[in-house]
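A.B. asks: Just passing along the structure, written as structure tokens.
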Amino acid sequence: MIAHFGRERFQLTYGFCSKDLKRFLSQKDPETGIKNGRVDPSRDQHMAHEKNRNGRYYCVSGASGTARLGAACDFRIIGLESDRLVEWVLEQQLPFDSLYYYGSDRPIHISYAPQQRQNIWTFTDGGVPTRKGIENWIKAANSLN
């Protein structure tokens, strides 16, 4: 991405999430009562290969509890709408595990992992994952497998 679009246009908005950052994000600001942020380590791969105190990976697959190793970041390319960025990723046939599209004016989330599932998700206004409206992207991603 940086090699193609340039370092000056690449804007990292969220990268690695350590155990300390996870703890901080889950706490509420004492003055406002609002959580400091949110993270979903069971699925988003921002915690990469970190393990909890029981020695289990934070990022796992559903009920099976299988470790989903890999790493993720959220970023945008300044001056490029995120839907165009997703299309570019697919046209270039770049490998990825998961790609989350939040809207044309918001960063994308992309993870890289051994399994390279090519999963693409978008979200409703209420934050619920869906694949409605991105069928063409899903078809393009599936053709890469």
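Please note that chains go A, B, ... in the order of the structure tokens, that every chain numbers its residues from 1, and that ligands are numbered from 1 in the order shown.
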Could you pull out all residues of chain A with a DSSP call of strand (DSSP E or B) and give them as number ranges by chain?
C.D. replies: A: 10-14, 28, 35, 51, 57, 60-61, 66-67, 71-77, 98-101, 108-112, 119-123, 129-130
A.B. asks: Restricting it to N, CA and C atoms, dump the selection as a tab-separated table (two decimals), in the first residue's frame.
C.D. replies:
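Result saved to again-v2.tsv:
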chain	number	residue	atom	x	y	z
A	10	PHE	N	-0.64	7.47	3.33
A	10	PHE	CA	-1.05	6.36	4.18
A	10	PHE	C	-1.25	6.86	5.60
A	11	GLN	N	-2.46	6.66	6.13
A	11	GLN	CA	-2.77	7.12	7.49
A	11	GLN	C	-3.24	5.92	8.32
A	12	LEU	N	-2.38	5.46	9.22
A	12	LEU	CA	-2.71	4.37	10.13
A	12	LEU	C	-3.63	4.92	11.21
A	13	THR	N	-4.79	4.28	11.39
A	13	THR	CA	-5.72	4.75	12.41
A	13	THR	C	-5.81	3.80	13.60
A	14	TYR	N	-5.38	2.54	13.42
A	14	TYR	CA	-5.39	1.59	14.52
A	14	TYR	C	-4.50	0.42	14.13
A	28	LYS	N	-13.86	2.89	31.67
A	28	LYS	CA	-14.63	4.12	31.42
A	28	LYS	C	-13.87	5.31	31.96
A	35	LYS	N	-16.74	4.73	27.75
A	35	LYS	CA	-15.61	3.84	27.56
A	35	LYS	C	-14.52	4.53	26.74
A	51	LYS	N	-1.42	-13.82	24.08
A	51	LYS	CA	-2.16	-14.84	24.83
A	51	LYS	C	-2.64	-14.25	26.14
A	57	TYR	N	-4.83	-17.90	23.00
A	57	TYR	CA	-4.81	-16.73	22.14
A	57	TYR	C	-6.10	-15.94	22.30
A	60	VAL	N	-9.77	-15.99	18.36
A	60	VAL	CA	-10.16	-17.38	18.09
A	60	VAL	C	-11.37	-17.41	17.16
A	61	SER	N	-11.58	-18.56	16.54
A	61	SER	CA	-12.73	-18.75	15.65
A	61	SER	C	-13.91	-19.30	16.41
A	66	THR	N	-10.62	-22.25	17.93
A	66	THR	CA	-9.36	-22.42	17.21
A	66	THR	C	-8.66	-21.06	17.07
A	67	ALA	N	-7.37	-21.04	17.35
A	67	ALA	CA	-6.60	-19.80	17.26
A	67	ALA	C	-6.63	-19.26	15.83
A	71	ALA	N	-2.37	-10.71	12.09
A	71	ALA	CA	-2.31	-9.35	12.62
A	71	ALA	C	-3.17	-8.45	11.74
A	72	ALA	N	-3.64	-7.35	12.33
A	72	ALA	CA	-4.54	-6.46	11.60
A	72	ALA	C	-4.19	-5.00	11.85
A	73	CYS	N	-4.63	-4.16	10.93
A	73	CYS	CA	-4.54	-2.71	11.13
A	73	CYS	C	-5.71	-2.05	10.40
A	74	ASP	N	-6.04	-0.87	10.84
A	74	ASP	CA	-7.05	-0.04	10.19
A	74	ASP	C	-6.31	1.17	9.63
A	75	PHE	N	-6.66	1.56	8.42
A	75	PHE	CA	-5.97	2.68	7.78
A	75	PHE	C	-6.83	3.27	6.68
A	76	ARG	N	-6.41	4.40	6.21
A	76	ARG	CA	-7.03	5.03	5.05
A	76	ARG	C	-5.91	5.57	4.16
A	77	ILE	N	-6.27	5.81	2.92
A	77	ILE	CA	-5.37	6.48	1.99
A	77	ILE	C	-5.97	7.86	1.76
A	98	SER	N	-9.18	-11.02	6.59
A	98	SER	CA	-10.46	-10.31	6.72
A	98	SER	C	-10.29	-8.86	6.30
A	99	LEU	N	-11.34	-8.32	5.71
A	99	LEU	CA	-11.38	-6.92	5.33
A	99	LEU	C	-12.72	-6.38	5.79
A	100	TYR	N	-12.70	-5.31	6.59
A	100	TYR	CA	-13.94	-4.69	7.07
A	100	TYR	C	-14.05	-3.32	6.41
A	101	TYR	N	-15.20	-3.08	5.83
A	101	TYR	CA	-15.50	-1.81	5.17
A	101	TYR	C	-16.52	-1.08	6.03
A	108	ILE	N	-10.41	1.45	6.40
A	108	ILE	CA	-10.74	0.03	6.26
A	108	ILE	C	-9.90	-0.75	7.28
A	109	HIS	N	-10.36	-1.92	7.60
A	109	HIS	CA	-9.64	-2.85	8.47
A	109	HIS	C	-9.20	-4.01	7.58
A	110	ILE	N	-7.95	-4.39	7.70
A	110	ILE	CA	-7.48	-5.53	6.93
A	110	ILE	C	-6.55	-6.36	7.80
A	111	SER	N	-6.71	-7.67	7.72
A	111	SER	CA	-5.83	-8.56	8.48
A	111	SER	C	-5.12	-9.51	7.53
A	112	TYR	N	-3.96	-9.90	7.96
A	112	TYR	CA	-3.14	-10.85	7.21
A	112	TYR	C	-2.87	-12.02	8.15
A	119	ASN	N	-12.26	-12.96	3.59
A	119	ASN	CA	-13.57	-12.57	4.12
A	119	ASN	C	-13.73	-11.06	4.06
A	120	ILE	N	-14.87	-10.61	3.53
A	120	ILE	CA	-15.16	-9.18	3.48
A	120	ILE	C	-16.48	-8.94	4.18
A	121	TRP	N	-16.49	-7.92	5.03
A	121	TRP	CA	-17.71	-7.54	5.78
A	121	TRP	C	-17.90	-6.04	5.71
A	122	THR	N	-19.14	-5.62	5.76
A	122	THR	CA	-19.48	-4.23	5.99
A	122	THR	C	-20.40	-4.23	7.20
A	123	PHE	N	-20.87	-3.08	7.61
A	123	PHE	CA	-21.64	-2.98	8.85
A	123	PHE	C	-22.87	-2.10	8.66
A	129	PRO	N	-22.44	-6.69	11.69
A	129	PRO	CA	-21.78	-7.15	10.46
A	129	PRO	C	-22.79	-7.68	9.45
A	130	THR	N	-22.57	-7.36	8.18
A	130	THR	CA	-23.45	-7.81	7.11
A	130	THR	C	-22.63	-7.94	5.83
A.B. asks: List every residue of range 74-130 of chain A that has an atom at most 12 Å from any atom of range 140-145 of chain A, giving for each one its closest atom pair and the distance in Å to one decimal, counting only C-alpha atoms, sorted by chain and then by ascending residue number, as a Markdown table.
C.D. replies:
| residue | atom | partner | partner_atom | distance |
| --- | --- | --- | --- | --- |
| A:Val86 | CA | A:Ala141 | CA | 10.4 |
| A:Glu87 | CA | A:Ala140 | CA | 9.1 |
| A:Trp88 | CA | A:Ala140 | CA | 11.3 |
| A:Val89 | CA | A:Ala141 | CA | 9.5 |
| A:Leu90 | CA | A:Ala141 | CA | 6.5 |
| A:Glu91 | CA | A:Ala140 | CA | 8.4 |
| A:Gln92 | CA | A:Leu144 | CA | 10.2 |
| A:Gln93 | CA | A:Leu144 | CA | 6.7 |
| A:Leu94 | CA | A:Leu144 | CA | 9.0 |
| A:Pro95 | CA | A:Leu144 | CA | 8.7 |
| A:Phe96 | CA | A:Ala141 | CA | 9.5 |
| A:Asp97 | CA | A:Ala141 | CA | 10.4 |
| A:Ser98 | CA | A:Ala141 | CA | 10.4 |
| A:Leu99 | CA | A:Ala141 | CA | 10.2 |
| A:Gln115 | CA | A:Asn145 | CA | 11.0 |
| A:Gln116 | CA | A:Asn145 | CA | 8.8 |
| A:Arg117 | CA | A:Asn145 | CA | 8.1 |
| A:Gln118 | CA | A:Ala141 | CA | 5.7 |
| A:Asn119 | CA | A:Ala141 | CA | 7.5 |
| A:Ile120 | CA | A:Ala141 | CA | 7.9 |
| A:Trp121 | CA | A:Ala141 | CA | 11.4 |
A.B. asks: Please, could you write that set of residues out with C-alpha atoms as a PDB file, in the first residue's frame?
C.D. replies:
ATOM      1  CA  VAL A  86     -11.212  -2.019  -1.407  1.00  0.00           C
ATOM      2  CA  GLU A  87     -11.624  -2.320  -5.172  1.00  0.00           C
ATOM      3  CA  TRP A  88      -7.900  -1.667  -5.627  1.00  0.00           C
ATOM      4  CA  VAL A  89      -7.009  -4.388  -3.066  1.00  0.00           C
ATOM      5  CA  LEU A  90      -9.200  -6.856  -4.977  1.00  0.00           C
ATOM      6  CA  GLU A  91      -7.895  -5.799  -8.410  1.00  0.00           C
ATOM      7  CA  GLN A  92      -4.319  -6.279  -7.211  1.00  0.00           C
ATOM      8  CA  GLN A  93      -5.294  -9.684  -5.783  1.00  0.00           C
ATOM      9  CA  LEU A  94      -3.595  -8.822  -2.507  1.00  0.00           C
ATOM     10  CA  PRO A  95      -3.764 -11.598   0.077  1.00  0.00           C
ATOM     11  CA  PHE A  96      -5.773 -10.949   3.251  1.00  0.00           C
ATOM     12  CA  ASP A  97      -7.718 -12.830   5.868  1.00  0.00           C
ATOM     13  CA  SER A  98     -10.456 -10.309   6.725  1.00  0.00           C
ATOM     14  CA  LEU A  99     -11.376  -6.922   5.331  1.00  0.00           C
ATOM     15  CA  GLN A 115      -5.447 -18.890   6.480  1.00  0.00           C
ATOM     16  CA  GLN A 116      -6.055 -16.012   3.995  1.00  0.00           C
ATOM     17  CA  ARG A 117      -9.849 -16.521   4.009  1.00  0.00           C
ATOM     18  CA  GLN A 118     -10.575 -13.419   1.880  1.00  0.00           C
ATOM     19  CA  ASN A 119     -13.567 -12.574   4.119  1.00  0.00           C
ATOM     20  CA  ILE A 120     -15.160  -9.181   3.476  1.00  0.00           C
ATOM     21  CA  TRP A 121     -17.707  -7.540   5.777  1.00  0.00           C
TER      22      TRP A 121
END
A.B. asks: In chain A, what's alpha helix (DSSP H) per DSSP? Answer as number ranges by chain?
C.D. replies: A: 2-5, 19-26, 82-91, 135-144
A.B. asks: Got time to write the residues from that selection, N, CA and C atoms, as a compact mmCIF listing (two decimals), in the first residue's frame?
C.D. replies:
# COMPACT_ATOMS: atom_id res chain seq x y z
N ILE A 2 1.84 1.27 0.90
CA ILE A 2 2.70 2.44 0.99
C ILE A 2 3.52 2.60 -0.28
N ALA A 3 4.03 1.48 -0.80
CA ALA A 3 4.83 1.54 -2.02
C ALA A 3 4.01 2.10 -3.19
N HIS A 4 2.73 1.75 -3.24
CA HIS A 4 1.89 2.21 -4.35
C HIS A 4 1.35 3.63 -4.14
N PHE A 5 0.80 3.90 -2.97
CA PHE A 5 0.13 5.18 -2.72
C PHE A 5 1.04 6.24 -2.10
N LYS A 19 -2.06 -5.99 25.57
CA LYS A 19 -2.92 -6.29 26.72
C LYS A 19 -3.22 -5.02 27.51
N ASP A 20 -2.21 -4.16 27.66
CA ASP A 20 -2.42 -2.91 28.41
C ASP A 20 -3.40 -1.99 27.68
N LEU A 21 -3.29 -1.89 26.36
CA LEU A 21 -4.23 -1.06 25.61
C LEU A 21 -5.63 -1.64 25.69
N LYS A 22 -5.76 -2.95 25.59
CA LYS A 22 -7.07 -3.61 25.72
C LYS A 22 -7.71 -3.26 27.06
N ARG A 23 -6.93 -3.34 28.12
CA ARG A 23 -7.43 -3.01 29.46
C ARG A 23 -7.88 -1.56 29.53
N PHE A 24 -7.06 -0.64 28.97
CA PHE A 24 -7.41 0.78 28.96
C PHE A 24 -8.70 1.04 28.18
N LEU A 25 -8.83 0.44 27.00
CA LEU A 25 -10.01 0.67 26.16
C LEU A 25 -11.29 0.17 26.83
N SER A 26 -11.19 -0.86 27.64
CA SER A 26 -12.39 -1.41 28.28
C SER A 26 -12.83 -0.61 29.51
N SER A 82 -12.69 4.95 0.55
CA SER A 82 -12.38 3.59 0.98
C SER A 82 -13.00 2.52 0.10
N ASP A 83 -14.13 2.80 -0.55
CA ASP A 83 -14.67 1.79 -1.46
C ASP A 83 -13.73 1.61 -2.65
N ARG A 84 -13.10 2.69 -3.10
CA ARG A 84 -12.12 2.59 -4.19
C ARG A 84 -10.87 1.83 -3.71
N LEU A 85 -10.50 2.01 -2.44
CA LEU A 85 -9.36 1.29 -1.89
C LEU A 85 -9.64 -0.21 -1.84
N VAL A 86 -10.84 -0.60 -1.43
CA VAL A 86 -11.21 -2.02 -1.41
C VAL A 86 -11.14 -2.59 -2.82
N GLU A 87 -11.66 -1.86 -3.79
CA GLU A 87 -11.62 -2.32 -5.17
C GLU A 87 -10.18 -2.48 -5.65
N TRP A 88 -9.30 -1.57 -5.26
CA TRP A 88 -7.90 -1.67 -5.63
C TRP A 88 -7.26 -2.92 -5.02
N VAL A 89 -7.54 -3.18 -3.73
CA VAL A 89 -7.01 -4.39 -3.07
C VAL A 89 -7.43 -5.64 -3.84
N LEU A 90 -8.69 -5.69 -4.25
CA LEU A 90 -9.20 -6.86 -4.98
C LEU A 90 -8.61 -6.94 -6.39
N GLU A 91 -8.49 -5.80 -7.07
CA GLU A 91 -7.90 -5.80 -8.41
C GLU A 91 -6.45 -6.27 -8.39
N GLU A 135 -21.89 -7.66 -2.46
CA GLU A 135 -21.86 -8.95 -3.14
C GLU A 135 -20.79 -9.01 -4.25
N ASN A 136 -20.59 -7.92 -4.98
CA ASN A 136 -19.58 -7.91 -6.04
C ASN A 136 -18.17 -8.06 -5.48
N TRP A 137 -17.91 -7.43 -4.33
CA TRP A 137 -16.61 -7.57 -3.70
C TRP A 137 -16.40 -9.00 -3.21
N ILE A 138 -17.44 -9.59 -2.64
CA ILE A 138 -17.33 -10.96 -2.14
C ILE A 138 -17.07 -11.92 -3.30
N LYS A 139 -17.77 -11.70 -4.40
CA LYS A 139 -17.56 -12.54 -5.59
C LYS A 139 -16.12 -12.39 -6.09
N ALA A 140 -15.60 -11.18 -6.12
CA ALA A 140 -14.23 -10.94 -6.56
C ALA A 140 -13.22 -11.60 -5.62
N ALA A 141 -13.46 -11.50 -4.32
CA ALA A 141 -12.57 -12.11 -3.34
C ALA A 141 -12.60 -13.64 -3.46
N ASN A 142 -13.79 -14.20 -3.66
CA ASN A 142 -13.91 -15.65 -3.79
C ASN A 142 -13.21 -16.17 -5.04
N SER A 143 -13.14 -15.34 -6.07
CA SER A 143 -12.47 -15.78 -7.30
C SER A 143 -10.97 -15.85 -7.12
N LEU A 144 -10.45 -15.24 -6.04
CA LEU A 144 -9.01 -15.27 -5.77
C LEU A 144 -8.59 -16.57 -5.13
A.B. asks: Between A:Met1, A:Glu8, A:Arg56, A:Gly103, single out the one closest to Ile78 in chain A, counting only C-alpha atoms.
C.D. replies: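 Smallest distance to Ile78 in chain A is found for A:Glu8.
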A.B. asks: Write out as a ChimeraX atom specification each polymer residue whose atoms come within 10 Å of Asp40 in chain A, counting only C-alpha atoms; drop sequence neighbours fewer than 3 positions from it.
C.D. replies: /A:22,43-47,58-59
